[in-house]
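Engineer: File input-v4.cif below, mmCIF, C-alpha atoms:
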```
data_target
loop_
_atom_site.label_atom_id
_atom_site.label_comp_id
_atom_site.auth_asym_id
_atom_site.auth_seq_id
_atom_site.Cartn_x
_atom_site.Cartn_y
_atom_site.Cartn_z
CA MET B 1 -5.89 -25.14 21.09
CA ALA B 2 -9.56 -25.08 20.15
CA VAL B 3 -10.98 -26.33 16.85
CA PRO B 4 -13.10 -23.75 14.98
CA PRO B 5 -16.82 -24.35 15.46
CA ALA B 6 -19.04 -25.63 12.68
CA PRO B 7 -20.70 -22.93 10.56
CA THR B 8 -23.95 -21.59 11.93
CA ALA B 9 -27.15 -21.84 9.90
CA SER B 10 -26.96 -18.20 8.82
CA ALA B 11 -23.25 -18.41 7.92
CA ALA B 12 -23.90 -21.48 5.76
CA LEU B 13 -26.14 -19.37 3.51
CA LEU B 14 -23.43 -16.81 2.81
CA PRO B 15 -21.20 -16.83 -0.28
CA ASP B 16 -17.95 -18.78 0.07
CA ARG B 17 -15.88 -15.69 0.87
CA PRO B 18 -12.08 -16.05 0.98
CA ARG B 19 -10.89 -16.01 4.59
CA ILE B 20 -7.75 -16.71 6.59
CA THR B 21 -8.27 -19.83 8.67
CA GLU B 22 -4.72 -20.48 9.90
CA LEU B 23 -1.63 -18.47 10.81
CA ARG B 24 1.71 -20.24 10.97
CA LEU B 25 4.59 -18.71 12.92
CA SER B 26 7.33 -21.19 12.10
CA ALA B 27 10.06 -18.93 13.43
CA PHE B 28 8.84 -15.45 14.29
CA ALA B 29 9.96 -13.43 17.34
CA GLY B 30 9.08 -15.60 20.35
CA HIS B 31 7.09 -18.17 18.36
CA ARG B 32 8.47 -21.48 17.10
CA ARG B 33 6.36 -23.92 15.07
CA ALA B 34 3.17 -22.21 16.25
CA VAL B 35 -0.05 -22.92 14.32
CA LEU B 36 -3.04 -20.72 15.19
CA ARG B 37 -6.39 -21.77 13.74
CA PHE B 38 -9.14 -19.19 13.35
CA GLY B 39 -12.91 -19.30 13.26
CA PRO B 40 -15.19 -16.34 12.45
CA LEU B 41 -14.64 -15.05 16.04
CA THR B 42 -11.32 -16.02 17.57
CA VAL B 43 -9.90 -15.08 20.96
CA LEU B 44 -6.15 -15.35 21.52
CA ALA B 45 -5.61 -15.84 25.24
CA GLY B 46 -2.59 -15.99 27.48
CA PRO B 47 -0.49 -14.08 30.00
CA SER B 48 1.72 -11.13 29.20
CA GLY B 49 4.71 -12.20 27.12
CA CYS B 50 3.03 -15.20 25.47
CA GLY B 51 3.05 -13.54 22.03
CA LYS B 52 -0.55 -12.42 21.44
CA THR B 53 0.45 -8.99 20.12
CA THR B 54 3.24 -10.57 18.09
CA ALA B 55 0.76 -12.92 16.40
CA LEU B 56 -1.53 -10.02 15.51
CA ARG B 57 1.48 -8.10 14.17
CA ALA B 58 2.42 -11.04 11.96
CA TYR B 59 -1.15 -11.29 10.61
CA ASP B 60 -1.20 -7.56 9.88
CA ALA B 61 2.18 -7.75 8.13
CA LEU B 62 0.97 -10.57 5.88
CA ALA B 63 -2.11 -8.50 5.07
CA ARG B 64 0.07 -5.58 4.02
CA LEU B 65 2.23 -7.83 1.86
CA GLY B 66 -0.89 -9.32 0.30
CA GLY B 67 -1.89 -5.80 -0.71
CA GLY B 68 1.42 -5.32 -2.52
CA ALA B 69 3.33 -3.44 0.19
CA ARG B 70 7.11 -3.61 0.31
CA LEU B 71 8.80 -5.56 3.08
CA GLY B 72 10.01 -2.40 4.82
CA ALA B 73 6.43 -1.14 5.20
CA ALA B 74 5.16 -4.49 6.51
CA PHE B 75 8.11 -5.03 8.88
CA PRO B 76 9.36 -1.60 10.06
CA ASP B 77 11.50 -3.32 12.74
CA PRO B 78 12.55 -6.60 11.10
CA GLY B 79 15.20 -7.35 13.72
CA ALA B 80 12.45 -7.73 16.33
CA CYS B 81 10.85 -10.45 14.20
CA VAL B 82 13.94 -12.69 14.28
CA PRO B 83 13.81 -15.37 17.01
CA GLU B 84 16.00 -14.22 19.88
CA ARG B 85 18.27 -17.28 19.90
CA ALA B 86 18.55 -17.60 16.12
CA ARG B 87 22.20 -17.78 15.13
CA PRO B 88 23.48 -16.16 11.93
CA ASP B 89 24.84 -18.35 9.15
CA ALA B 90 28.30 -18.09 7.61
CA GLN B 91 27.22 -14.98 5.67
CA HIS B 92 25.89 -13.36 8.89
CA ARG B 93 22.29 -13.75 7.76
CA ARG B 94 19.33 -14.13 10.09
CA GLY B 95 15.63 -14.08 9.36
CA PHE B 96 12.16 -15.40 10.14
CA ARG B 97 9.42 -17.58 8.62
CA ILE B 98 5.66 -17.04 8.62
CA GLY B 99 2.70 -18.35 6.64
CA CYS B 100 -1.07 -18.66 6.48
CA THR B 101 -3.93 -20.62 4.94
CA ALA B 102 -6.79 -19.01 3.02
CA ASP B 103 -9.97 -21.01 2.55
CA GLY B 104 -12.64 -20.32 -0.03
CA ALA B 105 -14.04 -21.55 -3.33
CA GLU B 106 -10.63 -22.99 -4.32
CA GLY B 107 -10.33 -24.96 -1.09
CA PRO B 108 -7.43 -24.42 1.33
CA VAL B 109 -4.57 -22.44 -0.23
CA HIS B 110 -1.29 -22.23 1.72
CA LEU B 111 1.27 -19.42 1.64
CA ASP B 112 4.66 -19.70 3.35
CA VAL B 113 7.33 -17.00 3.31
CA ALA B 114 10.96 -16.92 4.45
CA VAL B 115 12.35 -13.43 5.07
CA GLN B 116 15.96 -12.39 5.58
CA ALA B 117 16.09 -9.59 8.17
CA GLU B 118 19.86 -9.20 8.52
CA PRO B 119 22.11 -7.89 7.09
CA GLU B 120 19.41 -6.53 4.75
CA LEU B 121 15.67 -7.10 4.47
CA ARG B 122 14.57 -9.29 1.56
CA VAL B 123 12.40 -12.26 0.64
CA VAL B 124 14.51 -15.39 0.32
CA GLY B 125 11.72 -17.88 -0.36
CA GLU B 126 7.98 -18.05 -0.98
CA ARG B 127 5.68 -20.98 -1.66
CA LEU B 128 2.01 -21.03 -2.67
CA THR B 129 0.41 -24.49 -2.61
CA ALA B 130 -3.03 -26.11 -2.92
CA ASP B 131 -3.98 -29.80 -2.81
CA GLY B 132 -0.30 -30.68 -2.50
CA VAL B 133 0.58 -28.91 -5.77
CA VAL B 134 3.21 -26.16 -5.69
CA LEU B 135 1.64 -23.31 -7.64
CA LEU B 136 4.38 -20.73 -7.04
CA GLN B 137 7.85 -21.10 -5.60
CA THR B 138 10.60 -18.51 -5.30
CA ALA B 139 14.17 -18.74 -4.07
CA LEU B 140 17.08 -16.35 -3.66
CA ARG B 141 19.67 -17.88 -5.99
CA ASP B 142 22.13 -15.00 -6.29
CA PRO B 143 22.54 -12.79 -3.17
CA GLY B 144 24.20 -10.17 -5.35
CA ARG B 145 21.01 -9.57 -7.36
CA ARG B 146 17.91 -7.74 -6.07
CA ALA B 147 15.61 -10.47 -7.35
CA VAL B 148 14.42 -13.98 -6.57
CA GLN B 149 14.02 -16.75 -9.11
CA ALA B 150 10.32 -17.66 -9.40
CA ALA B 151 8.66 -20.70 -10.94
CA TRP B 152 4.90 -21.07 -11.28
CA HIS B 153 2.69 -23.94 -12.31
CA THR B 154 1.73 -23.97 -16.00
CA ALA B 155 0.67 -27.54 -16.88
CA GLY B 156 1.02 -26.71 -20.56
CA ALA B 157 3.78 -27.51 -23.05
CA ALA B 158 6.19 -26.62 -20.23
CA PRO B 159 5.27 -27.74 -16.68
CA VAL B 160 6.46 -24.48 -15.10
CA THR B 161 7.31 -20.94 -16.14
CA ARG B 162 10.41 -19.28 -14.69
CA ALA B 163 11.12 -15.58 -14.31
CA PRO B 164 12.74 -13.18 -11.82
CA LEU B 165 10.57 -11.33 -9.30
CA PRO B 166 11.48 -8.51 -6.87
CA ASP B 167 12.98 -9.57 -3.54
CA ASP B 168 11.31 -6.75 -1.56
CA ARG B 169 7.69 -7.88 -1.87
CA LEU B 170 5.56 -10.99 -2.20
CA GLY B 171 5.27 -12.69 -5.56
CA THR B 172 1.70 -13.93 -5.01
CA PRO B 173 -0.04 -10.55 -5.52
CA LEU B 174 2.17 -9.95 -8.60
CA LEU B 175 1.03 -13.12 -10.38
CA PRO B 176 -1.97 -11.54 -12.20
CA LEU B 177 0.56 -9.26 -13.94
CA ARG B 178 2.78 -12.17 -15.03
CA VAL B 179 0.46 -15.14 -15.67
CA ALA B 180 -1.52 -15.18 -18.91
CA GLY B 181 -4.21 -17.61 -17.80
CA LYS B 182 -4.13 -19.57 -21.08
CA THR B 183 -3.87 -23.08 -19.62
CA ASP B 184 -5.83 -24.84 -16.90
CA GLY B 185 -2.70 -24.79 -14.76
CA GLN B 186 -2.26 -21.05 -15.16
CA ARG B 187 -5.91 -20.42 -14.36
CA ARG B 188 -5.54 -22.53 -11.24
CA VAL B 189 -2.54 -20.44 -10.16
CA LEU B 190 -4.47 -17.21 -10.72
CA ALA B 191 -7.54 -18.45 -8.82
CA ALA B 192 -5.44 -19.55 -5.83
CA ALA B 193 -3.46 -16.29 -5.80
CA GLU B 194 -6.67 -14.25 -5.96
CA GLN B 195 -8.19 -16.19 -3.07
CA MET B 196 -5.10 -15.61 -0.94
CA VAL B 197 -4.84 -11.90 -1.77
CA VAL B 198 -8.56 -11.20 -1.20
CA ALA B 199 -8.49 -13.08 2.12
CA LEU B 200 -5.42 -11.15 3.30
CA ARG B 201 -6.09 -7.63 2.11
CA SER B 202 -9.20 -6.63 4.06
CA VAL B 203 -7.75 -6.23 7.55
CA PHE B 204 -8.32 -3.54 10.18
CA ALA B 205 -5.91 -3.58 13.13
CA CYS B 206 -7.16 -1.57 16.08
CA ASP B 207 -6.23 -0.76 19.66
CA PRO B 208 -8.32 2.23 20.84
CA ARG B 209 -6.42 5.04 22.62
CA PRO B 210 -8.86 6.80 24.95
CA GLY B 211 -6.50 9.69 25.67
CA ARG B 212 -6.77 10.84 22.06
CA MET B 213 -10.50 10.25 21.75
CA ARG B 214 -11.42 12.92 24.28
CA GLU B 215 -10.27 15.88 22.16
CA PRO B 216 -12.06 17.54 19.20
CA VAL B 217 -10.74 16.34 15.82
CA PRO B 218 -10.69 17.88 12.32
CA THR B 219 -13.36 16.79 9.86
CA ALA B 220 -11.81 14.54 7.23
CA SER B 221 -12.67 11.32 5.38
CA GLY B 222 -14.80 9.80 8.12
CA HIS B 223 -12.81 6.54 7.99
CA LEU B 224 -11.95 5.21 11.46
CA LEU B 225 -8.23 4.98 12.25
CA GLY B 226 -6.67 2.06 14.12
CA GLY B 227 -6.31 4.03 17.35
CA CYS B 228 -9.88 5.38 17.00
CA ASP B 229 -8.45 8.90 17.53
CA ASN B 230 -10.89 10.35 14.99
CA LEU B 231 -13.99 8.74 16.48
CA ALA B 232 -15.90 12.05 16.51
CA ASP B 233 -15.38 12.56 12.77
CA VAL B 234 -16.57 9.02 12.07
CA LEU B 235 -19.69 9.51 14.19
CA ARG B 236 -20.48 12.64 12.18
CA ARG B 237 -20.47 10.50 9.05
CA THR B 238 -22.15 7.31 10.28
CA ARG B 239 -25.04 9.13 11.96
CA ALA B 240 -25.81 10.90 8.67
CA GLU B 241 -25.15 8.06 6.21
CA TYR B 242 -25.69 4.76 8.01
CA GLY B 243 -28.86 5.07 10.05
CA ARG B 244 -29.34 1.36 10.75
CA ARG B 245 -25.71 0.79 11.76
CA HIS B 246 -25.77 3.90 13.93
CA ALA B 247 -28.92 2.74 15.72
CA ARG B 248 -27.25 -0.62 16.42
CA PHE B 249 -24.21 1.20 17.78
CA VAL B 250 -26.30 3.44 20.06
CA ALA B 251 -28.07 0.38 21.45
CA ALA B 252 -24.68 -1.16 22.29
CA VAL B 253 -23.48 2.05 23.95
CA ARG B 254 -26.66 2.21 25.97
CA THR B 255 -25.88 -1.25 27.37
CA GLY B 256 -22.19 -0.67 28.11
CA CYS B 257 -21.98 2.93 29.34
CA ALA B 258 -23.18 4.34 32.65
CA GLY B 259 -26.32 6.50 32.71
CA PRO B 260 -29.06 6.93 30.10
CA VAL B 261 -28.02 7.19 26.45
CA ALA B 262 -30.52 8.40 23.84
CA ASP B 263 -28.00 9.04 21.07
CA VAL B 264 -24.28 9.37 20.28
CA LEU B 265 -23.46 12.27 18.02
CA ALA B 266 -20.83 14.76 16.91
CA GLU B 267 -21.21 18.54 17.02
CA PRO B 268 -19.07 21.33 15.54
CA ALA B 269 -16.33 22.74 17.76
CA ALA B 270 -13.83 25.56 17.37
CA GLY B 271 -11.52 25.76 14.37
CA GLY B 272 -13.47 23.48 12.05
CA THR B 273 -13.28 20.49 14.38
CA VAL B 274 -15.96 18.20 15.78
CA ARG B 275 -16.36 16.58 19.17
CA ALA B 276 -18.35 13.51 20.21
CA LEU B 277 -21.14 13.61 22.78
CA LEU B 278 -23.55 11.29 24.54
CA ASP B 279 -27.10 12.64 24.40
CA ARG B 280 -28.69 11.71 27.71
CA GLY B 281 -32.20 12.35 26.41
CA ASP B 282 -33.12 14.94 29.06
CA GLY B 283 -31.39 17.95 27.55
CA VAL B 284 -27.98 16.99 28.96
CA ARG B 285 -25.08 16.12 26.66
CA THR B 286 -21.91 14.52 28.01
CA GLY B 287 -18.63 15.08 26.18
CA LEU B 288 -16.27 12.14 25.80
CA ALA B 289 -13.74 13.98 27.98
CA ARG B 290 -15.94 13.03 30.96
CA LEU B 291 -16.01 9.31 30.20
CA GLY B 292 -13.68 6.81 31.81
CA HIS B 293 -10.94 4.83 30.11
CA GLY B 294 -12.99 1.63 29.95
CA GLU B 295 -16.10 3.38 28.66
CA LEU B 296 -14.13 4.96 25.82
CA ARG B 297 -12.52 1.69 24.79
CA TYR B 298 -15.90 -0.02 24.91
CA LEU B 299 -17.48 2.73 22.83
CA ALA B 300 -14.71 2.59 20.21
CA LEU B 301 -14.76 -1.20 19.88
CA ALA B 302 -18.56 -1.19 19.60
CA LEU B 303 -18.26 1.35 16.77
CA VAL B 304 -15.71 -0.87 14.98
CA LEU B 305 -18.00 -3.90 15.18
CA CYS B 306 -21.21 -2.07 14.24
CA THR B 307 -19.92 -0.04 11.30
CA GLY B 308 -17.63 -2.53 9.60
CA PRO B 309 -16.57 -2.36 5.95
CA GLY B 310 -16.78 1.02 4.25
CA VAL B 311 -16.17 2.97 7.45
CA LEU B 312 -12.94 1.50 8.81
CA GLU B 313 -9.55 2.58 7.42
CA ALA B 314 -8.77 -0.68 5.60
CA ASP B 315 -7.57 -1.80 2.17
CA PRO B 316 -10.42 -3.85 0.64
CA ALA B 317 -10.04 -5.67 -2.66
CA GLY B 318 -12.06 -3.16 -4.66
CA GLU B 319 -12.14 -5.35 -7.76
CA VAL B 320 -14.08 -8.03 -5.85
CA PRO B 321 -17.86 -7.64 -5.24
CA ALA B 322 -18.69 -6.66 -1.65
CA ALA B 323 -20.72 -9.87 -1.24
CA LEU B 324 -17.51 -11.88 -1.63
CA ARG B 325 -15.36 -9.84 0.79
CA THR B 326 -14.88 -10.24 4.51
CA LEU B 327 -13.18 -7.68 6.73
CA THR B 328 -11.00 -9.11 9.50
CA VAL B 329 -10.64 -6.97 12.63
CA LEU B 330 -7.47 -7.52 14.68
CA ALA B 331 -8.17 -6.18 18.17
CA ASP B 332 -5.24 -6.07 20.58
CA GLY B 333 -6.09 -5.80 24.27
CA PHE B 334 -9.76 -6.47 23.54
CA ASP B 335 -10.67 -6.72 27.22
CA ARG B 336 -8.28 -4.02 28.49
CA GLY B 337 -10.01 -1.63 30.89
CA LEU B 338 -13.44 -3.24 30.48
CA ASP B 339 -15.63 -4.42 33.33
CA VAL B 340 -17.47 -7.74 33.33
CA ARG B 341 -20.64 -6.28 31.83
CA GLN B 342 -18.85 -4.44 29.03
CA ARG B 343 -16.71 -7.33 27.85
CA ALA B 344 -19.69 -9.70 27.89
CA GLU B 345 -21.78 -7.27 25.81
CA LEU B 346 -18.92 -6.71 23.35
CA LEU B 347 -18.51 -10.46 22.92
CA ARG B 348 -22.24 -10.86 22.24
CA LEU B 349 -22.12 -8.00 19.75
CA ALA B 350 -19.06 -9.50 18.04
CA ALA B 351 -20.75 -12.91 17.81
CA ARG B 352 -23.82 -11.37 16.15
CA MET B 353 -21.77 -9.36 13.65
CA CYS B 354 -19.38 -12.22 12.80
CA ASP B 355 -22.35 -14.54 12.27
CA ARG B 356 -23.48 -12.27 9.41
CA GLY B 357 -20.25 -13.03 7.56
CA HIS B 358 -19.10 -9.52 6.69
CA ILE B 359 -16.69 -9.31 9.65
CA ARG B 360 -14.27 -11.74 11.27
CA LEU B 361 -12.60 -10.90 14.57
CA VAL B 362 -9.28 -11.98 16.06
CA ALA B 363 -9.06 -10.52 19.57
CA ALA B 364 -6.23 -10.73 22.09
CA VAL B 365 -7.19 -11.05 25.77
CA ALA B 366 -5.32 -11.80 28.98
CA ASP B 367 -7.85 -14.35 30.26
CA ALA B 368 -10.51 -16.03 28.13
CA SER B 369 -12.38 -17.82 30.91
CA TRP B 370 -15.29 -15.42 30.40
CA ALA B 371 -15.38 -16.26 26.65
CA ALA B 372 -14.89 -20.03 26.84
CA GLY B 373 -18.00 -21.97 25.96
CA VAL B 374 -19.77 -19.04 24.30
CA ASP B 375 -21.44 -20.19 21.09
CA GLY B 376 -19.44 -19.26 17.99
CA VAL B 377 -16.22 -18.33 19.83
CA THR B 378 -12.91 -20.08 19.10
CA VAL B 379 -10.41 -19.76 21.96
CA VAL B 380 -6.72 -20.25 21.16
CA HIS B 381 -4.47 -20.48 24.22
CA LEU B 382 -0.88 -19.28 23.84
CA ASP B 383 1.84 -20.39 26.24
CA PRO B 384 4.67 -18.04 27.30
#
```
Please lay out the structure from this file as structure tokens.
Structural biologist:
Amino acid sequence: MAVPPAPTASAALLPDRPRITELRLSAFAGHRRAVLRFGPLTVLAGPSGCGKTTALRAYDALARLGGGARLGAAFPDPGACVPERARPDAQHRRGFRIGCTADGAEGPVHLDVAVQAEPELRVVGERLTADGVVLLQTALRDPGRRAVQAAWHTAGAAPVTRAPLPDDRLGTPLLPLRVAGKTDGQRRVLAAAEQMVVALRSVFACDPRPGRMREPVPTASGHLLGGCDNLADVLRRTRAEYGRRHARFVAAVRTGCAGPVADVLAEPAAGGTVRALLDRGDGVRTGLARLGHGELRYLALALVLCTGPGVLEADPAGEVPAALRTLTVLADGFDRGLDVRQRAELLRLAARMCDRGHIRLVAAVADASWAAGVDGVTVVHLDP
């Protein structure tokens, strides 16, 4: 398992943005005691069945929980998250354990969560720690109550404060509503919780679906969906509002798609819809319906990397200045359908964009031999 590379010169000049640097899958689906360490650009590699998609799903679920989502929204199929050979206890309960580390101005902050999946979905334990100090700890004391008993660090007249919290969501994002911030200990708890929540919330999970990108789409918000189905609507917006990003995107398309490309644009179609086209520069315009599977996936992933925050359908921490936020892109099947030239160009593009600090990328690939040794790329090998 590779160690994240040292920060580049340009990255060292950026603000100390909160970021997830480690994912722990203590007991989650097919993973046991797995620790995945992330750099700005991380490639998860391994054969089918090694758990790459599962790891991305766990990261995405933690991001949803960090944004305040209920357990049912973060884990729509909780039974699939339970390790296959996990045996129920005397009360017929089974569950899973996941966690992560967020680095930033407060140093490494660790979050670990134990979830009961059966017979009903609920949080049974949560721990937020920094520098060996337990800042928040929850435990399910009474299975008959829909609450967990929480204790958070105070360091005042009383060392901890105790109160019940809901058992269907994380306690960490709820702390700003419960902690007054009057003592140094309370302020430390709030700072650590904020770092964790900001690092988790800004996540965009994507896996482009070429079959849906070929058809005209209704005009809407212009925010790119995870399947990139509404790519034409997003192009309509980015070409009009983000000239520099759009030019960067067109340059990438020109490198990765067959034939000349002068521009990529959207034009009105029937029924108030728009469709995307490649302008060949000689009066010919090619609709996306004529492009191959690999070309469409390449085009969509290039758009994700070039447009970034503000265009992707994500949940940023709006109360935090943009200069202190980083969007993490989770890309499943990053190399699926791409030829050698396309995947190499996408990796170069990703390295450039991640080096700026606004975007981090965690990409799942079948074979990372083509990415190994590339400057700025962390390769994490998963075993089946």
Engineer: Up to 9 Å from (-11.7, -7.3, 30.1) in the file's coordinates: name the residues, counting only C-alpha atoms, as a list in words.
Structural biologist: Gly333, Phe334, Asp335, Arg336, Gly337, Leu338, Asp339, Val340, Gln342, Arg343, Ala344, Val365, Ala366, Asp367 and Trp370 of chain B
Engineer: To test the calculation: enclose all listed atoms of segment 138-157 of chain B in a box whose edges run along x, y and z, add 8 Å on each side, then state centre and edge lengths in Å to one decimal, as AutoDock Vina command-line options.
Structural biologist:
```
--center_x 12.4 --center_y -17.6 --center_z -13.1 --size_x 39.5 --size_y 35.8 --size_z 35.9
```
Engineer: Would you please work out which residue, of B:Val109, B:Ala27, B:Ala117, B:Leu291, is nearest to Arg97 of chain B when using only C-alpha atoms?
Structural biologist: B:Ala27
Engineer: For Pro143 of chain B, list every protein, DNA or RNA residue within 12 Å, evaluated using all atoms listed in the file, and leave out those in the same chain fewer than 4 positions away; present the list as an mmCIF file with C-alpha atoms, in the coordinates of the input.
Structural biologist:
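What ended up in around05.cif:
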```
data_model
loop_
_atom_site.group_PDB
_atom_site.id
_atom_site.type_symbol
_atom_site.label_atom_id
_atom_site.label_comp_id
_atom_site.auth_asym_id
_atom_site.auth_seq_id
_atom_site.Cartn_x
_atom_site.Cartn_y
_atom_site.Cartn_z
ATOM 1 C CA GLN B 91 27.220 -14.980 5.670
ATOM 2 C CA ARG B 93 22.290 -13.750 7.760
ATOM 3 C CA GLN B 116 15.960 -12.390 5.580
ATOM 4 C CA PRO B 119 22.110 -7.890 7.090
ATOM 5 C CA GLU B 120 19.410 -6.530 4.750
ATOM 6 C CA LEU B 121 15.670 -7.100 4.470
ATOM 7 C CA ARG B 122 14.570 -9.290 1.560
ATOM 8 C CA VAL B 123 12.400 -12.260 0.640
ATOM 9 C CA VAL B 124 14.510 -15.390 0.320
ATOM 10 C CA ALA B 139 14.170 -18.740 -4.070
ATOM 11 C CA ALA B 147 15.610 -10.470 -7.350
ATOM 12 C CA VAL B 148 14.420 -13.980 -6.570
ATOM 13 C CA GLN B 149 14.020 -16.750 -9.110
ATOM 14 C CA ASP B 167 12.980 -9.570 -3.540
#
```
Engineer: Can you list, as a VMD selection string, the residues that the PyMOL selection byres ((chain B and resi 314) around 9) selects here?
Structural biologist: chain B and resid 201 to 205 223 to 225 309 to 313 315 to 316 327
Engineer: Considering only C-alpha atoms, state which residue in the set B:Arg280, B:His153, B:Arg32, B:Arg237 is at the smallest distance from Thr183 of chain B.
Structural biologist: B:His153
Engineer: Report the residues retrieved by the PyMOL selection byres ((chain B and resi 102) around 6) from the displayed file, expressed as a PDB file with C-alpha atoms, in the coordinates of the input.
Structural biologist:
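Now in part.pdb:
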```pdb
ATOM      1  CA  ARG B  19     -10.890 -16.010   4.590  1.00  0.00           C
ATOM      2  CA  ILE B  20      -7.750 -16.710   6.590  1.00  0.00           C
ATOM      3  CA  THR B  21      -8.270 -19.830   8.670  1.00  0.00           C
ATOM      4  CA  THR B 101      -3.930 -20.620   4.940  1.00  0.00           C
ATOM      5  CA  ASP B 103      -9.970 -21.010   2.550  1.00  0.00           C
ATOM      6  CA  PRO B 108      -7.430 -24.420   1.330  1.00  0.00           C
ATOM      7  CA  VAL B 109      -4.570 -22.440  -0.230  1.00  0.00           C
ATOM      8  CA  MET B 196      -5.100 -15.610  -0.940  1.00  0.00           C
TER       9      MET B 196
END
```
